[in-house]
>>> print(open('data-v8.cif').read())   # mmCIF, C-alpha atoms
data_protein
loop_
_atom_site.label_atom_id
_atom_site.label_comp_id
_atom_site.auth_asym_id
_atom_site.auth_seq_id
_atom_site.Cartn_x
_atom_site.Cartn_y
_atom_site.Cartn_z
CA MET A 2 -33.58 91.31 50.78
CA ALA A 3 -34.00 87.58 51.18
CA ALA A 4 -31.31 84.94 51.63
CA ASN A 5 -30.40 81.85 53.59
CA GLY A 6 -33.93 81.19 54.77
CA TYR A 7 -34.85 84.67 55.95
CA SER A 8 -36.44 87.86 54.66
CA TRP A 9 -35.18 91.25 55.78
CA THR A 10 -37.38 94.33 56.23
CA GLU A 11 -36.05 97.71 57.32
CA PHE A 12 -38.19 100.36 58.98
CA PRO A 13 -37.57 104.11 59.22
CA THR A 14 -38.22 104.18 62.96
CA ARG A 15 -38.51 101.73 65.84
CA GLU A 16 -42.11 102.85 66.30
CA ALA A 17 -42.92 101.92 62.70
CA LEU A 18 -41.30 98.52 63.22
CA ALA A 19 -43.34 97.92 66.37
CA GLU A 20 -46.60 98.74 64.61
CA ALA A 21 -45.83 96.56 61.59
CA LEU A 22 -44.72 93.59 63.68
CA ALA A 23 -47.76 93.95 65.96
CA GLY A 24 -50.03 93.97 62.93
CA GLN A 25 -48.55 90.79 61.50
CA VAL A 26 -48.63 88.94 64.82
CA ALA A 27 -52.22 90.04 65.50
CA ASP A 28 -53.26 88.84 62.04
CA ARG A 29 -51.70 85.43 62.70
CA LEU A 30 -53.45 85.12 66.04
CA ALA A 31 -56.80 86.22 64.61
CA ASP A 32 -56.47 83.66 61.83
CA ALA A 33 -55.67 80.90 64.34
CA ILE A 34 -58.67 81.83 66.45
CA GLU A 35 -60.91 81.67 63.40
CA ARG A 36 -59.48 78.31 62.29
CA ARG A 37 -59.17 76.44 65.57
CA GLY A 38 -60.66 78.61 68.26
CA ALA A 39 -57.37 79.48 70.00
CA GLY A 40 -54.11 81.31 69.40
CA LEU A 41 -50.65 80.66 70.86
CA LEU A 42 -47.89 83.27 70.94
CA ALA A 43 -44.32 83.15 72.30
CA VAL A 44 -42.39 86.36 72.87
CA SER A 45 -38.88 87.25 73.99
CA GLY A 46 -37.77 89.54 76.80
CA GLY A 47 -34.93 91.98 77.23
CA THR A 48 -35.02 95.68 76.38
CA THR A 49 -35.98 95.51 72.69
CA PRO A 50 -39.65 94.38 72.56
CA GLY A 51 -41.27 97.04 74.77
CA ARG A 52 -42.69 99.14 71.92
CA PHE A 53 -43.86 96.04 70.08
CA PHE A 54 -45.64 94.77 73.21
CA GLU A 55 -47.44 98.07 73.68
CA ALA A 56 -48.51 98.17 70.03
CA LEU A 57 -49.75 94.58 70.13
CA SER A 58 -51.66 95.01 73.39
CA SER A 59 -54.18 97.37 71.76
CA ARG A 60 -54.97 95.20 68.73
CA PRO A 61 -58.69 94.29 68.60
CA ILE A 62 -58.58 90.50 68.53
CA ALA A 63 -60.26 87.91 70.76
CA TRP A 64 -57.57 88.02 73.42
CA ASP A 65 -59.55 85.77 75.75
CA LYS A 66 -58.78 82.97 73.28
CA VAL A 67 -55.03 83.70 73.20
CA THR A 68 -52.31 82.15 75.34
CA VAL A 69 -49.01 84.01 75.64
CA THR A 70 -45.82 82.28 76.72
CA LEU A 71 -42.14 83.13 76.59
CA VAL A 72 -39.41 82.16 74.17
CA ASP A 73 -37.09 82.00 77.17
CA GLU A 74 -36.84 83.07 80.78
CA ARG A 75 -34.24 83.65 83.45
CA PHE A 76 -34.45 81.37 86.48
CA VAL A 77 -35.68 84.24 88.63
CA PRO A 78 -39.12 84.89 90.15
CA PRO A 79 -41.53 87.37 88.54
CA SER A 80 -40.69 89.86 91.28
CA SER A 81 -37.15 90.19 89.90
CA PRO A 82 -36.36 93.15 87.62
CA ARG A 83 -34.64 90.62 85.33
CA SER A 84 -37.80 88.57 84.83
CA ASN A 85 -39.14 88.40 81.29
CA ALA A 86 -42.55 87.51 82.73
CA ALA A 87 -42.57 90.83 84.57
CA LEU A 88 -41.90 92.71 81.33
CA VAL A 89 -44.73 90.88 79.55
CA ALA A 90 -47.10 91.63 82.42
CA GLU A 91 -46.21 95.33 82.35
CA LYS A 92 -46.04 95.99 78.61
CA LEU A 93 -48.15 93.34 76.84
CA LEU A 94 -50.82 91.92 79.13
CA ARG A 95 -52.69 95.20 79.40
CA ASP A 96 -55.34 97.11 77.46
CA LYS A 97 -57.21 94.65 75.23
CA ALA A 98 -54.53 91.97 75.76
CA SER A 99 -55.25 91.86 79.51
CA ALA A 100 -57.80 89.14 78.69
CA ALA A 101 -55.08 86.77 77.41
CA ARG A 102 -53.84 83.82 79.43
CA PHE A 103 -50.16 83.76 80.38
CA ALA A 104 -48.24 80.48 80.61
CA PRO A 105 -44.94 81.07 82.47
CA LEU A 106 -41.71 79.14 82.07
CA TYR A 107 -40.44 79.96 85.56
CA HIS A 108 -41.60 77.79 88.43
CA THR A 109 -40.42 77.81 92.03
CA ALA A 110 -37.94 74.95 92.22
CA ASP A 111 -34.50 74.01 93.49
CA SER A 112 -32.95 74.23 90.02
CA ALA A 113 -33.61 75.38 86.48
CA ALA A 114 -33.75 71.74 85.40
CA GLU A 115 -36.53 71.02 87.90
CA ALA A 116 -38.38 74.18 86.85
CA ALA A 117 -38.06 73.13 83.19
CA SER A 118 -39.66 69.77 84.01
CA GLN A 119 -42.56 71.53 85.74
CA ALA A 120 -43.02 73.91 82.82
CA GLU A 121 -42.84 71.00 80.36
CA ALA A 122 -45.71 69.26 82.14
CA GLU A 123 -47.89 72.36 82.29
CA LEU A 124 -47.21 73.68 78.79
CA SER A 125 -47.91 70.32 77.17
CA ALA A 126 -51.61 71.18 77.40
CA LEU A 127 -51.27 74.32 75.26
CA PRO A 128 -52.65 74.36 71.68
CA TRP A 129 -49.34 73.69 69.91
CA PRO A 130 -47.84 74.51 67.47
CA LEU A 131 -47.13 78.18 68.03
CA ASP A 132 -49.07 80.47 65.75
CA ALA A 133 -46.40 83.12 66.14
CA ALA A 134 -43.04 83.42 67.86
CA VAL A 135 -40.96 86.59 68.05
CA LEU A 136 -37.27 86.14 68.80
CA GLY A 137 -34.64 88.60 69.92
CA MET A 138 -30.88 88.35 69.50
CA GLY A 139 -27.89 89.17 71.68
CA THR A 140 -24.64 90.72 70.53
CA ASP A 141 -22.98 87.28 70.80
CA GLY A 142 -25.42 85.86 68.24
CA HIS A 143 -27.57 84.01 70.76
CA THR A 144 -31.33 83.82 70.38
CA ALA A 145 -33.86 82.38 72.81
CA SER A 146 -31.37 81.15 75.45
CA PHE A 147 -29.22 79.31 72.92
CA PHE A 148 -25.93 80.79 74.12
CA PRO A 149 -22.74 79.98 72.19
CA ASP A 150 -21.01 78.91 75.42
CA ALA A 151 -23.87 76.78 76.78
CA ASP A 152 -22.63 73.39 77.92
CA THR A 153 -25.58 71.72 76.14
CA LEU A 154 -25.53 73.80 72.94
CA ALA A 155 -25.76 70.77 70.64
CA THR A 156 -28.91 69.64 72.45
CA LEU A 157 -30.37 73.15 72.38
CA LEU A 158 -29.85 73.41 68.62
CA ASP A 159 -31.23 69.96 67.82
CA PRO A 160 -34.36 70.53 65.70
CA ALA A 161 -35.57 66.99 66.40
CA GLY A 162 -35.01 67.03 70.15
CA GLY A 163 -38.66 66.58 70.98
CA ARG A 164 -38.71 68.47 74.30
CA THR A 165 -40.73 71.65 74.82
CA ILE A 166 -38.73 73.34 77.60
CA LEU A 167 -35.00 72.99 78.24
CA PRO A 168 -32.79 74.28 81.06
CA VAL A 169 -29.72 76.26 80.05
CA ASP A 170 -26.47 76.83 81.89
CA ALA A 171 -23.99 79.16 80.19
CA PRO A 172 -21.32 81.40 81.76
CA SER A 173 -22.35 84.37 79.60
CA ALA A 174 -26.03 84.07 80.55
CA GLY A 175 -25.48 85.44 84.05
CA GLU A 176 -27.85 82.95 85.65
CA PRO A 177 -29.53 79.68 84.65
CA ARG A 178 -32.25 79.96 82.03
CA LEU A 179 -35.30 78.14 80.70
CA THR A 180 -35.95 78.11 76.99
CA LEU A 181 -38.37 76.80 74.41
CA SER A 182 -36.72 74.09 72.36
CA MET A 183 -35.63 74.48 68.77
CA THR A 184 -38.35 71.97 67.89
CA ARG A 185 -41.10 74.23 69.22
CA LEU A 186 -39.66 77.42 67.73
CA ILE A 187 -39.22 76.27 64.16
CA GLU A 188 -42.68 74.70 63.96
CA ALA A 189 -44.25 78.13 64.54
CA GLY A 190 -46.52 79.28 61.77
CA PHE A 191 -44.86 82.72 61.88
CA LEU A 192 -41.30 83.03 63.15
CA ALA A 193 -39.86 86.53 63.39
CA LEU A 194 -36.60 88.08 64.59
CA HIS A 195 -36.85 91.59 66.03
CA ILE A 196 -33.54 93.47 66.19
CA GLU A 197 -32.68 97.14 66.50
CA GLY A 198 -29.55 99.23 66.10
CA ALA A 199 -26.44 99.14 63.92
CA GLU A 200 -24.54 96.83 66.27
CA LYS A 201 -27.08 94.02 66.10
CA ARG A 202 -27.42 94.42 62.35
CA ALA A 203 -23.67 93.91 62.02
CA VAL A 204 -23.77 90.89 64.35
CA PHE A 205 -26.58 89.33 62.33
CA GLU A 206 -24.89 89.92 58.98
CA THR A 207 -21.61 88.51 60.28
CA ALA A 208 -23.37 85.46 61.71
CA MET A 209 -25.13 84.76 58.43
CA GLY A 210 -22.00 85.26 56.36
CA SER A 211 -19.32 83.52 58.42
CA GLY A 212 -18.36 79.90 58.81
CA ASP A 213 -18.87 80.20 62.57
CA LYS A 214 -22.44 79.02 62.95
CA LYS A 215 -23.87 81.28 65.64
CA PRO A 216 -27.12 80.12 67.29
CA ILE A 217 -29.22 82.63 65.35
CA ARG A 218 -27.93 81.18 62.10
CA ALA A 219 -28.67 77.65 63.30
CA VAL A 220 -32.29 78.60 63.97
CA ILE A 221 -32.70 80.23 60.58
CA GLU A 222 -31.16 77.27 58.77
CA ALA A 223 -33.34 74.79 60.70
CA SER A 224 -36.60 76.66 60.09
CA PRO A 225 -38.74 75.08 57.34
CA HIS A 226 -40.07 78.55 56.46
CA PRO A 227 -38.18 81.82 55.98
CA VAL A 228 -37.67 83.71 59.23
CA LYS A 229 -38.97 87.28 59.01
CA VAL A 230 -36.32 89.72 60.21
CA PHE A 231 -37.58 93.14 61.34
CA TRP A 232 -34.90 95.81 61.79
CA ALA A 233 -34.79 99.52 62.56
CA ALA A 234 -31.87 101.73 63.44
#
>>> encode(input="data-v8.cif", output="structure tokens")
Amino acid sequence: MAANGYSWTEFPTREALAEALAGQVADRLADAIERRGAGLLAVSGGTTPGRFFEALSSRPIAWDKVTVTLVDERFVPPSSPRSNAALVAEKLLRDKASAARFAPLYHTADSAAEAASQAEAELSALPWPLDAAVLGMGTDGHTASFFPDADTLATLLDPAGGRTILPVDAPSAGEPRLTLSMTRLIEAGFLALHIEGAEKRAVFETAMGSGDKKPIRAVIEASPHPVKVFWAA
């Protein structure tokens, strides 16, 4: 189905979803490499993307011309079990994809705001815009680190904000975060949402159908192109 700026595709298994999503992302990166000599990918963390990362890591593209960064990151070092960078290193940057460059959001600093400034300076040299970005979604309707209770939510959801990396402070986040801005996400050539399970399907459908504009709905409505939603039970 397609509505409200997104297309919805269901898969019979999570493994089938991972393979299909990996194929589409790899195709986007290969096309970017052919067109401009480089590819730029942003991925999310959490527990959902592991299978997708493993499927993508074996795709035969010119990984040495690809830069991988994160949609968002916790303000924790890569040694932390809560680090999204650690998950990417373990599940994605292996096999053929071990040749890719990784551009982290986390930097050692006194605060998430200072780390965001450091990341902003370093990531400005990347070959923007993103060729592909794969989002996740929490059961509160947040995506990236756009939490509903963030004290700067209006800034986070501003599609014309101009920044690349923003710090996030939200009670429900558990710790400070760093996130790509709405500006950077919606300019991606391919913007996908990867969700699994009945609970997240219900959250998504409620968010898209209610008057309460959850962050995931704000992203979809701001995107100039339909967001591709990949779902499996």
>>> resolve_selection(input="data-v8.cif", expression="the PyMOL selection byres ((chain A and resi 58) around 8)", output="list in words")
Phe54, Glu55, Ala56, Leu57, Ser59, Arg60, Lys92, Leu93, Leu94, Arg95, Asp96, Lys97, Ala98 and Ser99 of chain A
>>> closest_residue(input="data-v8.cif", among="A:Gly47, A:Leu41, A:Phe205, A:Asn85", to="Trp64 of chain A", atoms="only C-alpha atoms")
A:Leu41
>>> closest_residue(input="data-v8.cif", among="A:Arg36, A:Arg29, A:His143, A:Arg52", to="Glu197 of chain A", atoms="only C-alpha atoms")
A:Arg52
>>> atom_distance(input="data-v8.cif", atom1="atom CA of Ile196 of chain A", atom2="atom CA of Leu42 of chain A")
18.2 Å
>>> atom_distance(input="data-v8.cif", atom1="atom CA of Thr184 of chain A", atom2="atom CA of Pro160 of chain A")
4.8 Å
>>> closest_residue(input="data-v8.cif", among="A:Thr165, A:Thr109, A:Ser173, A:Ser8", to="Ala151 of chain A", atoms="only C-alpha atoms")
A:Ser173
>>> resolve_selection(input="data-v8.cif", expression="the PyMOL selection byres ((chain A and resi 83) around 12)", output="list of chain:residue names")
A:Gly46, A:Gly47, A:Thr48, A:Glu74, A:Arg75, A:Phe76, A:Val77, A:Pro78, A:Pro79, A:Ser80, A:Ser81, A:Pro82, A:Ser84, A:Asn85, A:Ala86, A:Ala87, A:Leu88, A:Val89, A:Ala174, A:Gly175, A:Glu176, A:Arg178
>>> closest_residue(input="data-v8.cif", among="A:Gln25, A:Thr49, A:Thr70, A:Ser224", to="Ile187 of chain A", atoms="all atoms listed in the file")
A:Ser224
>>> closest_residue(input="data-v8.cif", among="A:Thr68, A:Gly40, A:Leu167, A:Gly24", to="Glu115 of chain A", atoms="all atoms listed in the file")
A:Leu167
>>> resolve_selection(input="data-v8.cif", expression="the PyMOL selection byres ((chain A and resi 145) around 7)", output="list of chain:residue names")
A:Val72, A:Asp73, A:Leu136, A:Gly137, A:His143, A:Thr144, A:Ser146, A:Phe147, A:Thr180
>>> write_last_selection(input="data-v8.cif", atoms="C-alpha atoms", output="mmCIF file, in the frame of the given file")
data_model
loop_
_atom_site.group_PDB
_atom_site.id
_atom_site.type_symbol
_atom_site.label_atom_id
_atom_site.label_comp_id
_atom_site.auth_asym_id
_atom_site.auth_seq_id
_atom_site.Cartn_x
_atom_site.Cartn_y
_atom_site.Cartn_z
ATOM 1 C CA VAL A 72 -39.410 82.160 74.170
ATOM 2 C CA ASP A 73 -37.090 82.000 77.170
ATOM 3 C CA LEU A 136 -37.270 86.140 68.800
ATOM 4 C CA GLY A 137 -34.640 88.600 69.920
ATOM 5 C CA HIS A 143 -27.570 84.010 70.760
ATOM 6 C CA THR A 144 -31.330 83.820 70.380
ATOM 7 C CA SER A 146 -31.370 81.150 75.450
ATOM 8 C CA PHE A 147 -29.220 79.310 72.920
ATOM 9 C CA THR A 180 -35.950 78.110 76.990
#
>>> build_atoms(input="data-v8.cif", residues="segment 178-206 of chain A", atoms="N, CA and C atoms", output="mmCIF file, in the frame of the given file")
data_model
loop_
_atom_site.group_PDB
_atom_site.id
_atom_site.type_symbol
_atom_site.label_atom_id
_atom_site.label_comp_id
_atom_site.auth_asym_id
_atom_site.auth_seq_id
_atom_site.Cartn_x
_atom_site.Cartn_y
_atom_site.Cartn_z
ATOM 1 N N ARG A 178 -31.106 79.548 82.847
ATOM 2 C CA ARG A 178 -32.250 79.960 82.030
ATOM 3 C C ARG A 178 -33.169 78.774 81.744
ATOM 4 N N LEU A 179 -34.343 79.107 81.239
ATOM 5 C CA LEU A 179 -35.300 78.140 80.700
ATOM 6 C C LEU A 179 -35.614 78.617 79.297
ATOM 7 N N THR A 180 -35.709 77.697 78.360
ATOM 8 C CA THR A 180 -35.950 78.110 76.990
ATOM 9 C C THR A 180 -36.862 77.144 76.262
ATOM 10 N N LEU A 181 -37.658 77.671 75.329
ATOM 11 C CA LEU A 181 -38.370 76.800 74.410
ATOM 12 C C LEU A 181 -37.341 76.083 73.549
ATOM 13 N N SER A 182 -37.641 74.874 73.182
ATOM 14 C CA SER A 182 -36.720 74.090 72.360
ATOM 15 C C SER A 182 -36.725 74.572 70.921
ATOM 16 N N MET A 183 -35.687 74.204 70.199
ATOM 17 C CA MET A 183 -35.630 74.480 68.770
ATOM 18 C C MET A 183 -36.833 73.859 68.065
ATOM 19 N N THR A 184 -37.209 72.665 68.489
ATOM 20 C CA THR A 184 -38.350 71.970 67.890
ATOM 21 C C THR A 184 -39.587 72.840 67.919
ATOM 22 N N ARG A 185 -39.898 73.421 69.074
ATOM 23 C CA ARG A 185 -41.100 74.230 69.220
ATOM 24 C C ARG A 185 -40.998 75.548 68.452
ATOM 25 N N LEU A 186 -39.808 76.144 68.414
ATOM 26 C CA LEU A 186 -39.660 77.420 67.730
ATOM 27 C C LEU A 186 -39.845 77.295 66.226
ATOM 28 N N ILE A 187 -39.205 76.322 65.632
ATOM 29 C CA ILE A 187 -39.220 76.270 64.160
ATOM 30 C C ILE A 187 -40.518 75.702 63.601
ATOM 31 N N GLU A 188 -41.375 75.148 64.455
ATOM 32 C CA GLU A 188 -42.680 74.700 63.960
ATOM 33 C C GLU A 188 -43.714 75.815 64.007
ATOM 34 N N ALA A 189 -43.318 76.996 64.481
ATOM 35 C CA ALA A 189 -44.250 78.130 64.540
ATOM 36 C C ALA A 189 -44.722 78.508 63.150
ATOM 37 N N GLY A 190 -45.989 78.867 63.056
ATOM 38 C CA GLY A 190 -46.520 79.280 61.770
ATOM 39 C C GLY A 190 -45.909 80.576 61.267
ATOM 40 N N PHE A 191 -45.502 81.439 62.194
ATOM 41 C CA PHE A 191 -44.860 82.720 61.880
ATOM 42 C C PHE A 191 -43.706 82.877 62.843
ATOM 43 N N LEU A 192 -42.492 82.900 62.323
ATOM 44 C CA LEU A 192 -41.300 83.030 63.150
ATOM 45 C C LEU A 192 -40.560 84.295 62.742
ATOM 46 N N ALA A 193 -40.462 85.236 63.685
ATOM 47 C CA ALA A 193 -39.860 86.530 63.390
ATOM 48 C C ALA A 193 -38.672 86.792 64.306
ATOM 49 N N LEU A 194 -37.744 87.598 63.811
ATOM 50 C CA LEU A 194 -36.600 88.080 64.590
ATOM 51 C C LEU A 194 -36.686 89.590 64.628
ATOM 52 N N HIS A 195 -36.733 90.146 65.831
ATOM 53 C CA HIS A 195 -36.850 91.590 66.030
ATOM 54 C C HIS A 195 -35.515 92.101 66.565
ATOM 55 N N ILE A 196 -34.812 92.893 65.757
ATOM 56 C CA ILE A 196 -33.540 93.470 66.190
ATOM 57 C C ILE A 196 -33.521 94.961 65.865
ATOM 58 N N GLU A 197 -32.775 95.696 66.667
ATOM 59 C CA GLU A 197 -32.680 97.140 66.500
ATOM 60 C C GLU A 197 -31.237 97.587 66.677
ATOM 61 N N GLY A 198 -30.863 98.630 65.943
ATOM 62 C CA GLY A 198 -29.550 99.230 66.100
ATOM 63 C C GLY A 198 -28.507 98.676 65.147
ATOM 64 N N ALA A 199 -27.496 99.509 64.868
ATOM 65 C CA ALA A 199 -26.440 99.140 63.920
ATOM 66 C C ALA A 199 -25.607 97.968 64.421
ATOM 67 N N GLU A 200 -25.379 97.901 65.736
ATOM 68 C CA GLU A 200 -24.540 96.830 66.270
ATOM 69 C C GLU A 200 -25.164 95.462 66.022
ATOM 70 N N LYS A 201 -26.450 95.323 66.295
ATOM 71 C CA LYS A 201 -27.080 94.020 66.100
ATOM 72 C C LYS A 201 -27.227 93.683 64.623
ATOM 73 N N ARG A 202 -27.404 94.693 63.783
ATOM 74 C CA ARG A 202 -27.420 94.420 62.350
ATOM 75 C C ARG A 202 -26.083 93.820 61.919
ATOM 76 N N ALA A 203 -25.002 94.406 62.384
ATOM 77 C CA ALA A 203 -23.670 93.910 62.020
ATOM 78 C C ALA A 203 -23.453 92.498 62.554
ATOM 79 N N VAL A 204 -23.900 92.231 63.777
ATOM 80 C CA VAL A 204 -23.770 90.890 64.350
ATOM 81 C C VAL A 204 -24.532 89.883 63.502
ATOM 82 N N PHE A 205 -25.757 90.237 63.131
ATOM 83 C CA PHE A 205 -26.580 89.330 62.330
ATOM 84 C C PHE A 205 -25.923 89.056 60.978
ATOM 85 N N GLU A 206 -25.489 90.090 60.306
ATOM 86 C CA GLU A 206 -24.890 89.920 58.980
ATOM 87 C C GLU A 206 -23.614 89.099 59.052
#
